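> Structure incoming, see below.
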Amino acid sequence: IGSPLQKNIRVTRSALWFIQKSKKSSPAAIPVVALPCTAVLTAALTESSFPMPFALLNTCGVAYQSQRAKVISSKLFNCHHRHIVFTIAEELRHISEGSQLLDVLFRSAAQTISDWLYEQNHSRNFKAGMICGLHTFGRDLKWNPHIHMIITEGALDCNGKWKSIRFFPYTMLRSRFMTTLLFNMKSALDPDSFSLSDFNALTNSLYKTKHNGFYVNAPPADLGSTDAIVHYVIRYIGRPVMAQSRILPMMEECAYWYQRHEDQEKVTVTESA
C-alpha cells in the first residue's frame with residue numbers, strides 16, 4: 001500500500017484480510033489502493049502512479065451508514081416504528097429493469113398503506129409517517145428490486161389526534177400491494193417497450209398463481225429500538241453490493257458466496273472477471 005492518496009488511512013481488518021487472500025490467489029502480489037471515501041474515486045482512477053490491475057478498497061462504508069442513519073433518524077417521529085418489505089414477482093423484474101417503472105414501486109408501496117389506513121375510518125383520514133428506500137438486488141446480486149419501508153406504528157387523523165397501530169395485517173397487504181402495483185404498472189407502461197396485451201396476459205397469469213399476493217413482510221419490531229431499525233435498513237440501501245469478506249480468492253475469474261434465503265444454504269457463485 002503506497003499511493004500518496006493513502007496517507008493516514010486506517011485499513012480495516014476486513015481490508016487486510018482481503019489483501020492477504022488476493023495475494024495468495026496470484027503468483028504476483030496485487031497492488032492495493034485503499035480509498036478513504038468514494039468521493040476520491042474519480043481522482044484515484046486518473047492517477048498514473050496506480051499500477052494495473054489493482055484491488056480497490058473502500059474504507060468509508062461504515063461511516064457512511066452511520067451518517068445516513070443519523071439523518072434518517074432525525075426525520076422520524078418519537079414513536080415506535082415498523083420495518084416493512086415489499087417485493088415483486090420474479091416475472092415482473094425484467095419489465096422494471098432500467099426504467100421509470102421503479103418509481104411505481106415507491107408509489108405503490110405508499111399507496112397500499114395509505115389506502116388501508118383510509119379504510120380504517122374515512123372521516124378521520126389517518127396519515128402515517130413513512131420513509132421508503134429502494135434495494136435493487138438480492139443476496140445473489142441478481143436484479144431484484146424491492147422496497148424497504150420504515151413506518152410509524154400509528155397515524156394522525158385530520159384533527160391531529162394520534163391513533164396507535166400495532167397490528168399490520170400483512171396477509172391482506174400482500175394481495176392489496178399486488179393489485180395496486182399491477183394497476184400502477186399498467187398505467188405507466190411504455191407500449192414501445194412492453195405491449196399492453198402481453199402485460200394483460202402476464203397480469204392474468206399472476207392472479208391465477210399468486211393467490212396470496214406478492215410477498216410483503218411486516219413482523220413486529222424485534223431489533224430493540226427505532227434507531228436499530230434505521231441502522232438495519234441502511235445496511236441494505238446504503239452499502240456496497242457485498243462485503244469484502246464474501247469475495248473468494250480470484251485470478252481470471254471472480255468468486256463470491258451468499259447465504260440463500262429459502263434454506264440458509266451457503267451458495268458459491270463464479271463470474272468472469
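Please note that chains go A, B, ... in the order of the C-alpha cells, that every chain numbers its residues from 1, and that ligands are numbered from 1 in the order shown.
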Within 6 Å of A:Ala155, counting only C-alpha atoms, which residues show up once you throw out same-chain ones fewer than 2 positions away? Write them as an MDAnalysis selection string, please.
chainID A and resid 126:128 162:163
> Which of these residues is nearest to A:Val267, using only C-alpha atoms: A:Trp116, A:Gln67, A:Arg139, A:Leu189?
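That would be A:Arg139, the residue with the smallest distance to A:Val267.
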> Against stretch 92-95 of chain A, which residues of stretch 173-236 of chain A fall within 12 Å? For each one I want the closest pair of atoms and the distance in Å (one decimal), counting only C-alpha atoms, rows by chain and increasing residue number, as a tab-separated table.

residue	atom	partner	partner_atom	distance
A:Met178	CA	A:Leu92	CA	11.1
A:Leu181	CA	A:Leu92	CA	10.4
A:Leu182	CA	A:Leu92	CA	9.4
A:Met185	CA	A:Ile95	CA	9.4
A:Lys186	CA	A:Ile95	CA	11.0
A:Ala188	CA	A:Ile95	CA	11.4
A:Leu189	CA	A:Ile95	CA	9.0
A:Asp190	CA	A:Ile95	CA	10.0
A:Pro191	CA	A:Ile95	CA	11.5
A:Asp192	CA	A:Ile95	CA	12.0
A:Ser193	CA	A:Ile95	CA	8.4
A:Phe194	CA	A:Ile95	CA	7.5
A:Ser195	CA	A:Ile95	CA	10.8
A:Asp198	CA	A:Ile95	CA	11.2
A:Phe199	CA	A:Leu92	CA	9.5
A:Leu202	CA	A:Leu92	CA	8.6
A:Thr203	CA	A:Leu92	CA	9.5
A:Ser205	CA	A:Leu92	CA	11.6
A:Leu206	CA	A:Leu92	CA	9.6
A:Phe214	CA	A:Leu92	CA	11.0
> Selection from above, N, CA and C atoms, as a short mmCIF file (atom, residue, chain, number, x, y, z; two decimals), in the first residue's frame, can you write it?

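Result file follows (out-v9.cif):
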data_model
loop_
_atom_site.label_atom_id
_atom_site.label_comp_id
_atom_site.auth_asym_id
_atom_site.auth_seq_id
_atom_site.Cartn_x
_atom_site.Cartn_y
_atom_site.Cartn_z
N MET A 178 -50.19 -6.29 -4.49
CA MET A 178 -50.15 -6.85 -5.84
C MET A 178 -51.13 -6.13 -6.75
N LEU A 181 -49.92 -2.47 -7.37
CA LEU A 181 -48.73 -2.41 -8.21
C LEU A 181 -49.05 -2.74 -9.67
N LEU A 182 -49.81 -3.79 -9.90
CA LEU A 182 -50.14 -4.17 -11.27
C LEU A 182 -50.94 -3.08 -11.97
N MET A 185 -48.47 -0.17 -12.63
CA MET A 185 -47.52 -0.52 -13.70
C MET A 185 -48.17 -0.45 -15.06
N LYS A 186 -49.40 -0.92 -15.14
CA LYS A 186 -50.12 -0.87 -16.42
C LYS A 186 -50.33 0.57 -16.87
N ALA A 188 -48.43 3.12 -16.19
CA ALA A 188 -47.16 3.77 -16.51
C ALA A 188 -46.38 3.05 -17.59
N LEU A 189 -46.94 1.97 -18.11
CA LEU A 189 -46.22 1.14 -19.06
C LEU A 189 -45.96 1.87 -20.38
N ASP A 190 -44.75 1.72 -20.87
CA ASP A 190 -44.40 2.26 -22.18
C ASP A 190 -44.73 1.20 -23.23
N PRO A 191 -45.73 1.44 -24.08
CA PRO A 191 -46.14 0.41 -25.04
C PRO A 191 -45.06 0.04 -26.05
N ASP A 192 -44.05 0.94 -26.22
CA ASP A 192 -42.96 0.62 -27.14
C ASP A 192 -41.98 -0.36 -26.51
N SER A 193 -41.97 -0.44 -25.20
CA SER A 193 -41.06 -1.35 -24.51
C SER A 193 -41.72 -2.68 -24.16
N PHE A 194 -43.02 -2.63 -23.86
CA PHE A 194 -43.74 -3.84 -23.48
C PHE A 194 -45.20 -3.66 -23.89
N SER A 195 -45.69 -4.57 -24.70
CA SER A 195 -47.05 -4.41 -25.24
C SER A 195 -48.09 -4.58 -24.14
N ASP A 198 -49.51 -8.14 -23.89
CA ASP A 198 -48.62 -9.07 -23.17
C ASP A 198 -48.68 -8.83 -21.67
N PHE A 199 -48.78 -7.55 -21.27
CA PHE A 199 -48.86 -7.25 -19.84
C PHE A 199 -50.17 -7.74 -19.26
N LEU A 202 -49.82 -11.39 -18.72
CA LEU A 202 -48.98 -11.64 -17.56
C LEU A 202 -49.74 -11.38 -16.27
N THR A 203 -50.52 -10.31 -16.24
CA THR A 203 -51.33 -9.99 -15.06
C THR A 203 -52.31 -11.10 -14.74
N SER A 205 -52.07 -14.21 -15.53
CA SER A 205 -51.31 -15.37 -15.07
C SER A 205 -50.91 -15.21 -13.60
N LEU A 206 -50.50 -13.99 -13.22
CA LEU A 206 -50.08 -13.76 -11.84
C LEU A 206 -51.26 -13.90 -10.87
N PHE A 214 -48.25 -10.64 -3.64
CA PHE A 214 -46.79 -10.53 -3.63
C PHE A 214 -46.30 -10.50 -2.19
#
> Could you work out how far atom CA of A:Ser187 lies from atom CA of A:Glu97, giving the answer in Å with one decimal?
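Atom CA of A:Ser187 lies 16.8 Å from atom CA of A:Glu97.
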> Given only C-alpha atoms as the basis, pick out the residue of A:Phe177, A:Met149, A:Ile131, A:Tyr207 nearest to A:Ser73.
A:Ile131
> What separation in Å, quoted to one decimal, exists between atom CA of A:Glu119 and atom CA of A:Asn184?
19.7 Å
> What does the structure give for the distance between atom CA of A:Glu90 and atom CA of A:Asn144, in Å to one decimal?
7.7 Å
> Using backbone DSSP assignments, extract all helix (DSSP H, G or I) residues from stretch 90-266 of chain A; output them as a ChimeraX atom specification.
/A:90-96,102-120,170-188,196-209,226-237,244-246
> Determine, counting only C-alpha atoms, which protein, DNA and RNA residues have an atom within 12 Å of an atom of A:Pro145; residues of the same chain fewer than 4 positions away are not included. Present the result as an MDAnalysis selection string.
chainID A and resid 85:99 101:106 133:139 141 236:237
> Do you know which residues are at most 8 Å from A:Met130 counting only C-alpha atoms, after dropping those on the same chain fewer than 5 positions away, and could you put them as a ChimeraX atom specification?
/A:110,149-152
> Put those residues in a file: N, CA and C atoms, as an mmCIF file, in the first residue's frame.

data_model
loop_
_atom_site.group_PDB
_atom_site.id
_atom_site.type_symbol
_atom_site.label_atom_id
_atom_site.label_comp_id
_atom_site.auth_asym_id
_atom_site.auth_seq_id
_atom_site.Cartn_x
_atom_site.Cartn_y
_atom_site.Cartn_z
ATOM 1 N N ALA A 110 -46.406 2.967 -0.870
ATOM 2 C CA ALA A 110 -47.008 4.012 -0.044
ATOM 3 C C ALA A 110 -48.527 4.016 -0.186
ATOM 4 N N MET A 149 -39.454 -0.154 3.807
ATOM 5 C CA MET A 149 -40.215 0.967 4.357
ATOM 6 C C MET A 149 -40.070 0.997 5.878
ATOM 7 N N ILE A 150 -39.837 2.189 6.409
ATOM 8 C CA ILE A 150 -39.904 2.422 7.849
ATOM 9 C C ILE A 150 -41.172 3.231 8.089
ATOM 10 N N ILE A 151 -42.093 2.716 8.894
ATOM 11 C CA ILE A 151 -43.395 3.358 9.071
ATOM 12 C C ILE A 151 -43.720 3.481 10.556
ATOM 13 N N THR A 152 -44.389 4.546 10.894
ATOM 14 C CA THR A 152 -44.807 4.743 12.282
ATOM 15 C C THR A 152 -45.842 3.689 12.666
#
> With DSSP run on the backbone, what are the strand (DSSP E or B) residues within stretch 159-222 of chain A? I'd like them as a PyMOL selection string.
chain A and resi 162-164+216-217
> Write a file of the selected residues as a compact mmCIF listing (two decimals), in the first residue's frame, keeping N, CA and C atoms.

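Dumped to selection.txt:
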# COMPACT_ATOMS: atom_id res chain seq x y z
N TRP A 162 -53.70 11.37 17.54
CA TRP A 162 -52.88 10.18 17.27
C TRP A 162 -53.62 8.90 17.61
N LYS A 163 -53.48 7.91 16.73
CA LYS A 163 -54.02 6.58 16.98
C LYS A 163 -52.89 5.57 16.87
N SER A 164 -52.67 4.79 17.92
CA SER A 164 -51.63 3.77 17.90
C SER A 164 -52.07 2.58 17.06
N VAL A 216 -45.07 -9.57 1.16
CA VAL A 216 -44.90 -8.38 1.99
C VAL A 216 -44.66 -8.87 3.41
N ASN A 217 -43.59 -8.40 4.03
CA ASN A 217 -43.24 -8.85 5.37
C ASN A 217 -43.24 -7.65 6.32
